[in-house]
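A.B. asks: Quick one: this structure, given as C-alpha cells, is what I'll be asking you about.
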Amino acid sequence: MQKKYTNEILNLLRSMQNIDYITPDEIPQIDLYMDQVTTFMDEHLRSSKRFEEDKILTKTMINNYTKNNLLPPPVKKKYSSEHMLMLIYIYYLKNFLSINDIQSILNPLSDRFFGSTDGLSLSDIYKEIVDLEQENINSQVRDIIRKLKKSGEAFEDVEDPEDKKLLTTFAFICMLSFDVWVKKSVIENIIDDTLGSKKEK
C-alpha cells in the first residue's frame, strides 16, 4: 500500500516537469477583446486547473483587476500583449498573495515598462522569467521528492498500515506547507522592506 502510494506521488511529481507554461511565442501579438482573452487563458492554462469546472479568468475578475489598479485599462475595449503578460502574473500570484501585495509587486513593473518603447519591454522581462522558472523546475521536483522520502521515514514505530499512511501523508503535507509558508513570508518581507508597501503605524 505504502509503495503504491509513493509511486503515485512520484508519478505526479514527474508530471510537474511537463507543467504548462504560456511561452513568449504563444502570446498573441494582436489586441484582443475580453472574450478572446478569457478563451486564450483557459486554453493555455487548462492543465493548471484543479477541477474541470474551475475558471482560469472571468470577465468579472479582469474588470476587478482594472478597478483595483492591478491591470491598466484596455484601449477601446481591447487588450494588448502587455495586458496578457500582466494577467499571467496576476493569475499565478493571486493563489498565495493578497491584492495589495500583488499591486506592490506589479505596479512598479507596469509603471516603468508597460507601453515602453525604450530599453526593456514587458515581453523581454517575461522571456527572462520563463527561462528562470524552467531552469528551476527540476530542483523543485528534487526537493519535493526529498521531502516525500523524509516523511515516509516518519512514524516508523506505527505498525498499522492505514495509520502509517495517514500519518506519513500528513507529515508530507506539513513539510510542503511549511515550505510554502516560509517562501510566502520571505516574499511579504521583500514587499514590505524593498518595495516599501509596509503601512505606517
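Quick note on naming: the chains in the C-alpha cells go A, B, ... in the order shown, residues restart at 1 in each chain, and ligands are numbered from 1 in order of appearance.
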Find the nearest atom pair between each residue of segment 28-88 of chain A and segment 103-109 of chain A for residues within 12 Å, count only C-alpha atoms, give distances in Å to one decimal, sort rows by chain and ascending number, and present the table as a Markdown table.
C.D. replies:
```
| residue | atom | partner | partner_atom | distance |
| --- | --- | --- | --- | --- |
| A:Tyr65 | CA | A:Gln103 | CA | 9.7 |
| A:Thr66 | CA | A:Gln103 | CA | 11.1 |
| A:Lys67 | CA | A:Gln103 | CA | 11.8 |
| A:Asn68 | CA | A:Gln103 | CA | 8.4 |
| A:Asn69 | CA | A:Gln103 | CA | 7.3 |
| A:Leu70 | CA | A:Gln103 | CA | 5.7 |
| A:Leu71 | CA | A:Asn107 | CA | 8.4 |
| A:Pro72 | CA | A:Asn107 | CA | 9.5 |
| A:Glu82 | CA | A:Leu109 | CA | 11.3 |
| A:His83 | CA | A:Leu106 | CA | 11.9 |
| A:Leu85 | CA | A:Leu106 | CA | 10.9 |
| A:Met86 | CA | A:Leu106 | CA | 7.8 |
| A:Leu87 | CA | A:Leu106 | CA | 10.3 |
| A:Ile88 | CA | A:Leu106 | CA | 11.3 |
```
A.B. asks: Would you mind exporting C-alpha atoms of the selected residues as a short mmCIF file (atom, residue, chain, number, x, y, z; two decimals), in the first residue's frame?
C.D. replies:
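part-v8.cif was written with the following content:
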```
data_model
loop_
_atom_site.label_atom_id
_atom_site.label_comp_id
_atom_site.auth_asym_id
_atom_site.auth_seq_id
_atom_site.Cartn_x
_atom_site.Cartn_y
_atom_site.Cartn_z
CA TYR A 65 -8.19 43.84 -11.65
CA THR A 66 -8.60 47.02 -13.67
CA LYS A 67 -10.72 48.66 -10.96
CA ASN A 68 -8.11 47.75 -8.35
CA ASN A 69 -5.27 49.19 -10.46
CA LEU A 70 -3.67 45.79 -10.98
CA LEU A 71 -4.16 46.00 -14.72
CA PRO A 72 -4.03 49.05 -16.98
CA GLU A 82 1.27 43.51 -22.45
CA HIS A 83 -2.14 43.15 -20.81
CA LEU A 85 1.52 39.27 -19.67
CA MET A 86 0.23 41.17 -16.66
CA LEU A 87 -2.77 38.84 -16.44
CA ILE A 88 -0.47 35.81 -16.41
#
```
A.B. asks: Find the spatial neighbours of Ser98 of chain A, counting only C-alpha atoms, within a cut-off of 12 Å - ignore same-chain residues fewer than 3 positions away - and output them as a list of chain:residue names.
C.D. replies: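 Those residues are A:Asn68, A:Leu70, A:Ile90, A:Tyr91, A:Tyr92, A:Leu93, A:Lys94, A:Asn95, A:Asp101, A:Ile102, A:Gln103, A:Ser104, A:Ile105, A:Lys184, A:Ile187, A:Glu188, A:Ile191.
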A.B. asks: Could you save those same residues with all heavy atoms as a tab-separated table (two decimals), in the first residue's frame?
C.D. replies:
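Saved file again13.tsv follows:
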```
chain	number	residue	atom	x	y	z
A	68	ASN	N	-9.05	47.73	-9.47
A	68	ASN	CA	-8.11	47.75	-8.35
A	68	ASN	C	-6.69	48.16	-8.75
A	68	ASN	O	-5.75	47.98	-8.00
A	68	ASN	CB	-8.06	46.36	-7.68
A	68	ASN	CG	-9.30	46.08	-6.85
A	68	ASN	OD1	-9.55	46.73	-5.84
A	68	ASN	ND2	-10.09	45.10	-7.27
A	70	LEU	N	-4.64	46.87	-10.74
A	70	LEU	CA	-3.67	45.79	-10.98
A	70	LEU	C	-3.35	45.70	-12.46
A	70	LEU	O	-2.28	45.23	-12.83
A	70	LEU	CB	-4.25	44.45	-10.52
A	70	LEU	CG	-4.17	44.10	-9.05
A	70	LEU	CD1	-4.88	42.79	-8.79
A	70	LEU	CD2	-2.73	44.00	-8.60
A	90	ILE	N	-0.67	37.97	-12.63
A	90	ILE	CA	-1.76	38.07	-11.65
A	90	ILE	C	-2.33	36.69	-11.36
A	90	ILE	O	-2.58	36.33	-10.21
A	90	ILE	CB	-2.87	39.02	-12.13
A	90	ILE	CG1	-2.35	40.46	-12.18
A	90	ILE	CG2	-4.09	38.95	-11.21
A	90	ILE	CD1	-3.28	41.42	-12.93
A	91	TYR	N	-2.53	35.91	-12.41
A	91	TYR	CA	-3.12	34.58	-12.26
A	91	TYR	C	-2.33	33.72	-11.27
A	91	TYR	O	-2.90	33.05	-10.41
A	91	TYR	CB	-3.22	33.88	-13.62
A	91	TYR	CG	-3.64	32.44	-13.49
A	91	TYR	CD1	-4.95	32.11	-13.16
A	91	TYR	CD2	-2.72	31.41	-13.67
A	91	TYR	CE1	-5.33	30.78	-13.01
A	91	TYR	CE2	-3.10	30.09	-13.52
A	91	TYR	CZ	-4.40	29.78	-13.20
A	91	TYR	OH	-4.76	28.46	-13.05
A	92	TYR	N	-1.02	33.73	-11.41
A	92	TYR	CA	-0.20	32.91	-10.51
A	92	TYR	C	-0.07	33.52	-9.12
A	92	TYR	O	-0.17	32.82	-8.11
A	92	TYR	CB	1.19	32.69	-11.13
A	92	TYR	CG	1.18	31.73	-12.29
A	92	TYR	CD1	1.42	32.16	-13.59
A	92	TYR	CD2	0.89	30.38	-12.11
A	92	TYR	CE1	1.38	31.29	-14.66
A	92	TYR	CE2	0.86	29.50	-13.17
A	92	TYR	CZ	1.11	29.95	-14.44
A	92	TYR	OH	1.06	29.08	-15.50
A	93	LEU	N	0.13	34.82	-9.05
A	93	LEU	CA	0.35	35.46	-7.74
A	93	LEU	C	-0.89	35.43	-6.86
A	93	LEU	O	-0.78	35.35	-5.63
A	93	LEU	CB	0.82	36.90	-7.95
A	93	LEU	CG	2.21	37.06	-8.57
A	93	LEU	CD1	2.48	38.53	-8.87
A	93	LEU	CD2	3.30	36.50	-7.66
A	94	LYS	N	-2.07	35.49	-7.45
A	94	LYS	CA	-3.29	35.58	-6.64
A	94	LYS	C	-3.58	34.30	-5.86
A	94	LYS	O	-4.40	34.31	-4.96
A	94	LYS	CB	-4.49	35.93	-7.52
A	94	LYS	CG	-5.00	34.82	-8.42
A	94	LYS	CD	-6.14	35.31	-9.30
A	94	LYS	CE	-6.64	34.24	-10.25
A	94	LYS	NZ	-7.37	33.17	-9.59
A	95	ASN	N	-2.87	33.23	-6.19
A	95	ASN	CA	-3.06	31.98	-5.47
A	95	ASN	C	-2.50	32.01	-4.06
A	95	ASN	O	-2.89	31.21	-3.22
A	95	ASN	CB	-2.42	30.82	-6.24
A	95	ASN	CG	-3.20	30.45	-7.48
A	95	ASN	OD1	-4.28	29.87	-7.38
A	95	ASN	ND2	-2.69	30.81	-8.64
A	101	ASP	N	-0.62	43.09	-2.00
A	101	ASP	CA	0.75	42.64	-2.25
A	101	ASP	C	1.03	42.53	-3.75
A	101	ASP	O	2.11	42.89	-4.22
A	101	ASP	CB	1.01	41.29	-1.56
A	101	ASP	CG	1.25	41.44	-0.07
A	101	ASP	OD1	1.52	42.57	0.38
A	101	ASP	OD2	1.17	40.43	0.65
A	102	ILE	N	0.05	42.04	-4.49
A	102	ILE	CA	0.23	41.94	-5.94
A	102	ILE	C	0.40	43.32	-6.55
A	102	ILE	O	1.22	43.53	-7.45
A	102	ILE	CB	-0.94	41.17	-6.59
A	102	ILE	CG1	-1.02	39.75	-6.03
A	102	ILE	CG2	-0.78	41.13	-8.11
A	102	ILE	CD1	-2.23	38.97	-6.49
A	103	GLN	N	-0.36	44.28	-6.05
A	103	GLN	CA	-0.21	45.67	-6.51
A	103	GLN	C	1.21	46.16	-6.26
A	103	GLN	O	1.83	46.80	-7.12
A	103	GLN	CB	-1.18	46.58	-5.77
A	103	GLN	CG	-2.60	46.54	-6.28
A	103	GLN	CD	-3.50	47.46	-5.47
A	103	GLN	OE1	-3.37	47.57	-4.25
A	103	GLN	NE2	-4.42	48.12	-6.14
A	104	SER	N	1.73	45.87	-5.07
A	104	SER	CA	3.08	46.33	-4.72
A	104	SER	C	4.13	45.74	-5.63
A	104	SER	O	5.15	46.38	-5.92
A	104	SER	CB	3.39	45.96	-3.26
A	104	SER	OG	2.53	46.63	-2.37
A	105	ILE	N	3.90	44.51	-6.10
A	105	ILE	CA	4.85	43.85	-6.98
A	105	ILE	C	4.71	44.33	-8.43
A	105	ILE	O	5.70	44.65	-9.09
A	105	ILE	CB	4.66	42.32	-6.93
A	105	ILE	CG1	5.01	41.77	-5.55
A	105	ILE	CG2	5.52	41.62	-8.00
A	105	ILE	CD1	4.59	40.33	-5.35
A	184	LYS	N	6.43	32.32	1.31
A	184	LYS	CA	5.45	33.40	1.32
A	184	LYS	C	5.89	34.50	2.28
A	184	LYS	O	5.78	35.70	1.99
A	184	LYS	CB	4.07	32.86	1.72
A	184	LYS	CG	2.95	33.90	1.71
A	184	LYS	CD	1.61	33.22	1.97
A	184	LYS	CE	0.46	34.22	1.90
A	184	LYS	NZ	0.41	35.13	3.04
A	187	ILE	N	8.61	36.52	0.65
A	187	ILE	CA	8.03	37.42	-0.35
A	187	ILE	C	7.41	38.63	0.31
A	187	ILE	O	7.61	39.78	-0.11
A	187	ILE	CB	6.98	36.67	-1.21
A	187	ILE	CG1	7.66	35.62	-2.08
A	187	ILE	CG2	6.20	37.66	-2.09
A	187	ILE	CD1	6.68	34.67	-2.76
A	188	GLU	N	6.65	38.41	1.38
A	188	GLU	CA	5.99	39.52	2.08
A	188	GLU	C	7.01	40.48	2.69
A	188	GLU	O	6.82	41.70	2.68
A	188	GLU	CB	5.05	38.97	3.16
A	188	GLU	CG	3.82	38.29	2.56
A	188	GLU	CD	2.98	37.54	3.57
A	188	GLU	OE1	3.47	37.29	4.70
A	188	GLU	OE2	1.83	37.22	3.26
A	191	ILE	N	8.39	42.56	-0.11
A	191	ILE	CA	7.40	43.58	-0.47
A	191	ILE	C	7.43	44.74	0.54
A	191	ILE	O	7.45	45.91	0.16
A	191	ILE	CB	5.99	42.96	-0.54
A	191	ILE	CG1	5.89	42.02	-1.74
A	191	ILE	CG2	4.92	44.05	-0.65
A	191	ILE	CD1	4.64	41.16	-1.74
```
A.B. asks: Can you tell me how far atom CA of Cys174 of chain A sits from atom CA of Ile144 of chain A, in Å to one decimal?
C.D. replies: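 Interatomic distance, atom CA of Cys174 of chain A to atom CA of Ile144 of chain A: 12.0 Å.
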A.B. asks: Write out as a PyMOL selection string all residues of segment 70-127 of chain A that backbone DSSP assigns to helix (DSSP H, G or I).
C.D. replies: chain A and resi 81-93+99-113+122-127
A.B. asks: Let's have the selection written as an mmCIF file, in the first residue's frame, with N, CA and C atoms.
C.D. replies:
```cif
data_model
loop_
_atom_site.group_PDB
_atom_site.id
_atom_site.type_symbol
_atom_site.label_atom_id
_atom_site.label_comp_id
_atom_site.auth_asym_id
_atom_site.auth_seq_id
_atom_site.Cartn_x
_atom_site.Cartn_y
_atom_site.Cartn_z
ATOM 1 N N SER A 81 -0.818 42.596 -25.943
ATOM 2 C CA SER A 81 0.045 41.512 -25.462
ATOM 3 C C SER A 81 0.586 41.836 -24.068
ATOM 4 N N GLU A 82 0.786 43.114 -23.781
ATOM 5 C CA GLU A 82 1.270 43.509 -22.454
ATOM 6 C C GLU A 82 0.208 43.257 -21.382
ATOM 7 N N HIS A 83 -1.061 43.497 -21.719
ATOM 8 C CA HIS A 83 -2.143 43.148 -20.807
ATOM 9 C C HIS A 83 -2.117 41.647 -20.513
ATOM 10 N N MET A 84 -1.893 40.858 -21.545
ATOM 11 C CA MET A 84 -1.868 39.408 -21.375
ATOM 12 C C MET A 84 -0.754 38.982 -20.421
ATOM 13 N N LEU A 85 0.399 39.603 -20.563
ATOM 14 C CA LEU A 85 1.520 39.272 -19.671
ATOM 15 C C LEU A 85 1.192 39.618 -18.230
ATOM 16 N N MET A 86 0.602 40.776 -18.012
ATOM 17 C CA MET A 86 0.228 41.170 -16.657
ATOM 18 C C MET A 86 -0.812 40.210 -16.075
ATOM 19 N N LEU A 87 -1.741 39.770 -16.901
ATOM 20 C CA LEU A 87 -2.770 38.842 -16.439
ATOM 21 C C LEU A 87 -2.169 37.486 -16.051
ATOM 22 N N ILE A 88 -1.149 37.062 -16.763
ATOM 23 C CA ILE A 88 -0.474 35.806 -16.413
ATOM 24 C C ILE A 88 0.171 35.922 -15.041
ATOM 25 N N TYR A 89 0.879 37.019 -14.789
ATOM 26 C CA TYR A 89 1.482 37.229 -13.464
ATOM 27 C C TYR A 89 0.404 37.242 -12.379
ATOM 28 N N ILE A 90 -0.675 37.973 -12.631
ATOM 29 C CA ILE A 90 -1.759 38.071 -11.646
ATOM 30 C C ILE A 90 -2.335 36.687 -11.361
ATOM 31 N N TYR A 91 -2.530 35.908 -12.415
ATOM 32 C CA TYR A 91 -3.125 34.582 -12.259
ATOM 33 C C TYR A 91 -2.325 33.721 -11.274
ATOM 34 N N TYR A 92 -1.024 33.728 -11.410
ATOM 35 C CA TYR A 92 -0.196 32.905 -10.515
ATOM 36 C C TYR A 92 -0.073 33.519 -9.119
ATOM 37 N N LEU A 93 0.130 34.818 -9.046
ATOM 38 C CA LEU A 93 0.347 35.456 -7.745
ATOM 39 C C LEU A 93 -0.893 35.434 -6.858
ATOM 40 N N ILE A 99 -4.344 41.027 -2.806
ATOM 41 C CA ILE A 99 -4.425 42.012 -3.886
ATOM 42 C C ILE A 99 -3.440 43.153 -3.644
ATOM 43 N N ASN A 100 -3.357 43.620 -2.391
ATOM 44 C CA ASN A 100 -2.430 44.715 -2.064
ATOM 45 C C ASN A 100 -0.985 44.329 -2.345
ATOM 46 N N ASP A 101 -0.620 43.087 -2.000
ATOM 47 C CA ASP A 101 0.749 42.641 -2.249
ATOM 48 C C ASP A 101 1.032 42.528 -3.745
ATOM 49 N N ILE A 102 0.052 42.038 -4.488
ATOM 50 C CA ILE A 102 0.235 41.936 -5.939
ATOM 51 C C ILE A 102 0.398 43.323 -6.552
ATOM 52 N N GLN A 103 -0.361 44.277 -6.047
ATOM 53 C CA GLN A 103 -0.208 45.667 -6.506
ATOM 54 C C GLN A 103 1.213 46.157 -6.257
ATOM 55 N N SER A 104 1.726 45.868 -5.070
ATOM 56 C CA SER A 104 3.076 46.332 -4.716
ATOM 57 C C SER A 104 4.132 45.739 -5.632
ATOM 58 N N ILE A 105 3.900 44.513 -6.099
ATOM 59 C CA ILE A 105 4.854 43.853 -6.984
ATOM 60 C C ILE A 105 4.710 44.332 -8.431
ATOM 61 N N LEU A 106 3.475 44.383 -8.903
ATOM 62 C CA LEU A 106 3.250 44.625 -10.329
ATOM 63 C C LEU A 106 3.158 46.091 -10.720
ATOM 64 N N ASN A 107 2.686 46.942 -9.822
ATOM 65 C CA ASN A 107 2.530 48.353 -10.197
ATOM 66 C C ASN A 107 3.843 49.014 -10.622
ATOM 67 N N PRO A 108 4.954 48.790 -9.875
ATOM 68 C CA PRO A 108 6.219 49.383 -10.342
ATOM 69 C C PRO A 108 6.647 48.843 -11.710
ATOM 70 N N LEU A 109 6.381 47.559 -11.927
ATOM 71 C CA LEU A 109 6.705 46.949 -13.216
ATOM 72 C C LEU A 109 5.886 47.585 -14.329
ATOM 73 N N SER A 110 4.589 47.736 -14.063
ATOM 74 C CA SER A 110 3.694 48.342 -15.050
ATOM 75 C C SER A 110 4.046 49.805 -15.303
ATOM 76 N N ASP A 111 4.324 50.546 -14.205
ATOM 77 C CA ASP A 111 4.642 51.970 -14.338
ATOM 78 C C ASP A 111 5.887 52.199 -15.193
ATOM 79 N N ARG A 112 6.862 51.317 -15.059
ATOM 80 C CA ARG A 112 8.138 51.528 -15.740
ATOM 81 C C ARG A 112 8.195 50.928 -17.140
ATOM 82 N N PHE A 113 7.481 49.811 -17.350
ATOM 83 C CA PHE A 113 7.694 49.077 -18.603
ATOM 84 C C PHE A 113 6.456 48.906 -19.471
ATOM 85 N N LEU A 122 8.061 44.603 -21.539
ATOM 86 C CA LEU A 122 7.450 43.581 -20.701
ATOM 87 C C LEU A 122 7.633 42.198 -21.311
ATOM 88 N N SER A 123 7.678 42.133 -22.634
ATOM 89 C CA SER A 123 7.911 40.863 -23.310
ATOM 90 C C SER A 123 9.320 40.332 -23.015
ATOM 91 N N ASP A 124 10.313 41.210 -23.040
ATOM 92 C CA ASP A 124 11.687 40.813 -22.707
ATOM 93 C C ASP A 124 11.752 40.271 -21.274
ATOM 94 N N ILE A 125 11.076 40.960 -20.375
ATOM 95 C CA ILE A 125 11.083 40.559 -18.964
ATOM 96 C C ILE A 125 10.417 39.193 -18.803
ATOM 97 N N TYR A 126 9.301 38.995 -19.480
ATOM 98 C CA TYR A 126 8.586 37.721 -19.387
ATOM 99 C C TYR A 126 9.449 36.563 -19.895
ATOM 100 N N LYS A 127 10.149 36.777 -21.001
ATOM 101 C CA LYS A 127 11.031 35.735 -21.536
ATOM 102 C C LYS A 127 12.087 35.337 -20.515
#
```
A.B. asks: Would you list, as a ChimeraX atom specification, the residues of chain A that end up in strand (DSSP E or B) under DSSP run on this structure's backbone?
C.D. replies: /A:32,75,78-79
A.B. asks: Please identify all polymer residues within 10 Å of Asp42 of chain A, counting only C-alpha atoms, omitting same-chain residues fewer than 6 positions from it, and present them as a PyMOL selection string.
C.D. replies: chain A and resi 36+48-49+54-58
A.B. asks: Restrict the selected residues to N, CA and C atoms and save them as an mmCIF file, in the first residue's frame.
C.D. replies:
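Below is the file selection_32.cif, written as the result:
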```cif
data_model
loop_
_atom_site.group_PDB
_atom_site.id
_atom_site.type_symbol
_atom_site.label_atom_id
_atom_site.label_comp_id
_atom_site.auth_asym_id
_atom_site.auth_seq_id
_atom_site.Cartn_x
_atom_site.Cartn_y
_atom_site.Cartn_z
ATOM 1 N N GLN A 36 -11.970 36.928 -26.123
ATOM 2 C CA GLN A 36 -10.787 36.282 -26.703
ATOM 3 C C GLN A 36 -9.695 36.096 -25.652
ATOM 4 N N SER A 48 -3.493 23.652 -15.362
ATOM 5 C CA SER A 48 -3.271 24.155 -14.005
ATOM 6 C C SER A 48 -4.553 24.176 -13.171
ATOM 7 N N LYS A 49 -5.683 23.827 -13.812
ATOM 8 C CA LYS A 49 -6.942 23.801 -13.077
ATOM 9 C C LYS A 49 -7.013 22.557 -12.200
ATOM 10 N N ASP A 54 -13.388 24.642 -12.876
ATOM 11 C CA ASP A 54 -12.701 25.860 -12.417
ATOM 12 C C ASP A 54 -12.485 26.817 -13.588
ATOM 13 N N LYS A 55 -12.523 28.102 -13.261
ATOM 14 C CA LYS A 55 -12.289 29.133 -14.267
ATOM 15 C C LYS A 55 -10.889 29.715 -14.084
ATOM 16 N N ILE A 56 -10.175 29.849 -15.185
ATOM 17 C CA ILE A 56 -8.860 30.475 -15.127
ATOM 18 C C ILE A 56 -9.029 31.973 -14.891
ATOM 19 N N LEU A 57 -9.771 32.613 -15.757
ATOM 20 C CA LEU A 57 -10.083 34.035 -15.638
ATOM 21 C C LEU A 57 -11.498 34.271 -16.140
ATOM 22 N N THR A 58 -12.202 35.157 -15.493
ATOM 23 C CA THR A 58 -13.539 35.535 -15.957
ATOM 24 C C THR A 58 -13.548 37.028 -16.282
#
```
A.B. asks: By how many Å are atom CA of Arg142 of chain A and atom CA of Val180 of chain A apart?
C.D. replies: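 Result for atom CA of Arg142 of chain A versus atom CA of Val180 of chain A: 15.7 Å, one decimal.
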A.B. asks: Find the residue from A:Lys59, A:Lys183, A:Arg50, A:Lys165 that sits nearest to Met34 of chain A; use only C-alpha atoms when measuring.
C.D. replies: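 Checking each of A:Lys59, A:Lys183, A:Arg50, A:Lys165 against Met34 of chain A, counting only C-alpha atoms, the winner is A:Lys59.
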A.B. asks: Find, counting only C-alpha atoms, the residue in A:Thr117, A:Phe40, A:Asp131, A:Thr60 that gets nearest to Pro24 of chain A.
C.D. replies: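 Looking only at the distances to Pro24 of chain A, the closest residue turns out to be A:Asp131.
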A.B. asks: Please measure the separation of atom CA of Ile129 of chain A and atom CA of Asp25 of chain A, giving the value in Å to one decimal.
C.D. replies: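 If I compute the distance from atom CA of Ile129 of chain A to atom CA of Asp25 of chain A, I get 13.8 Å.
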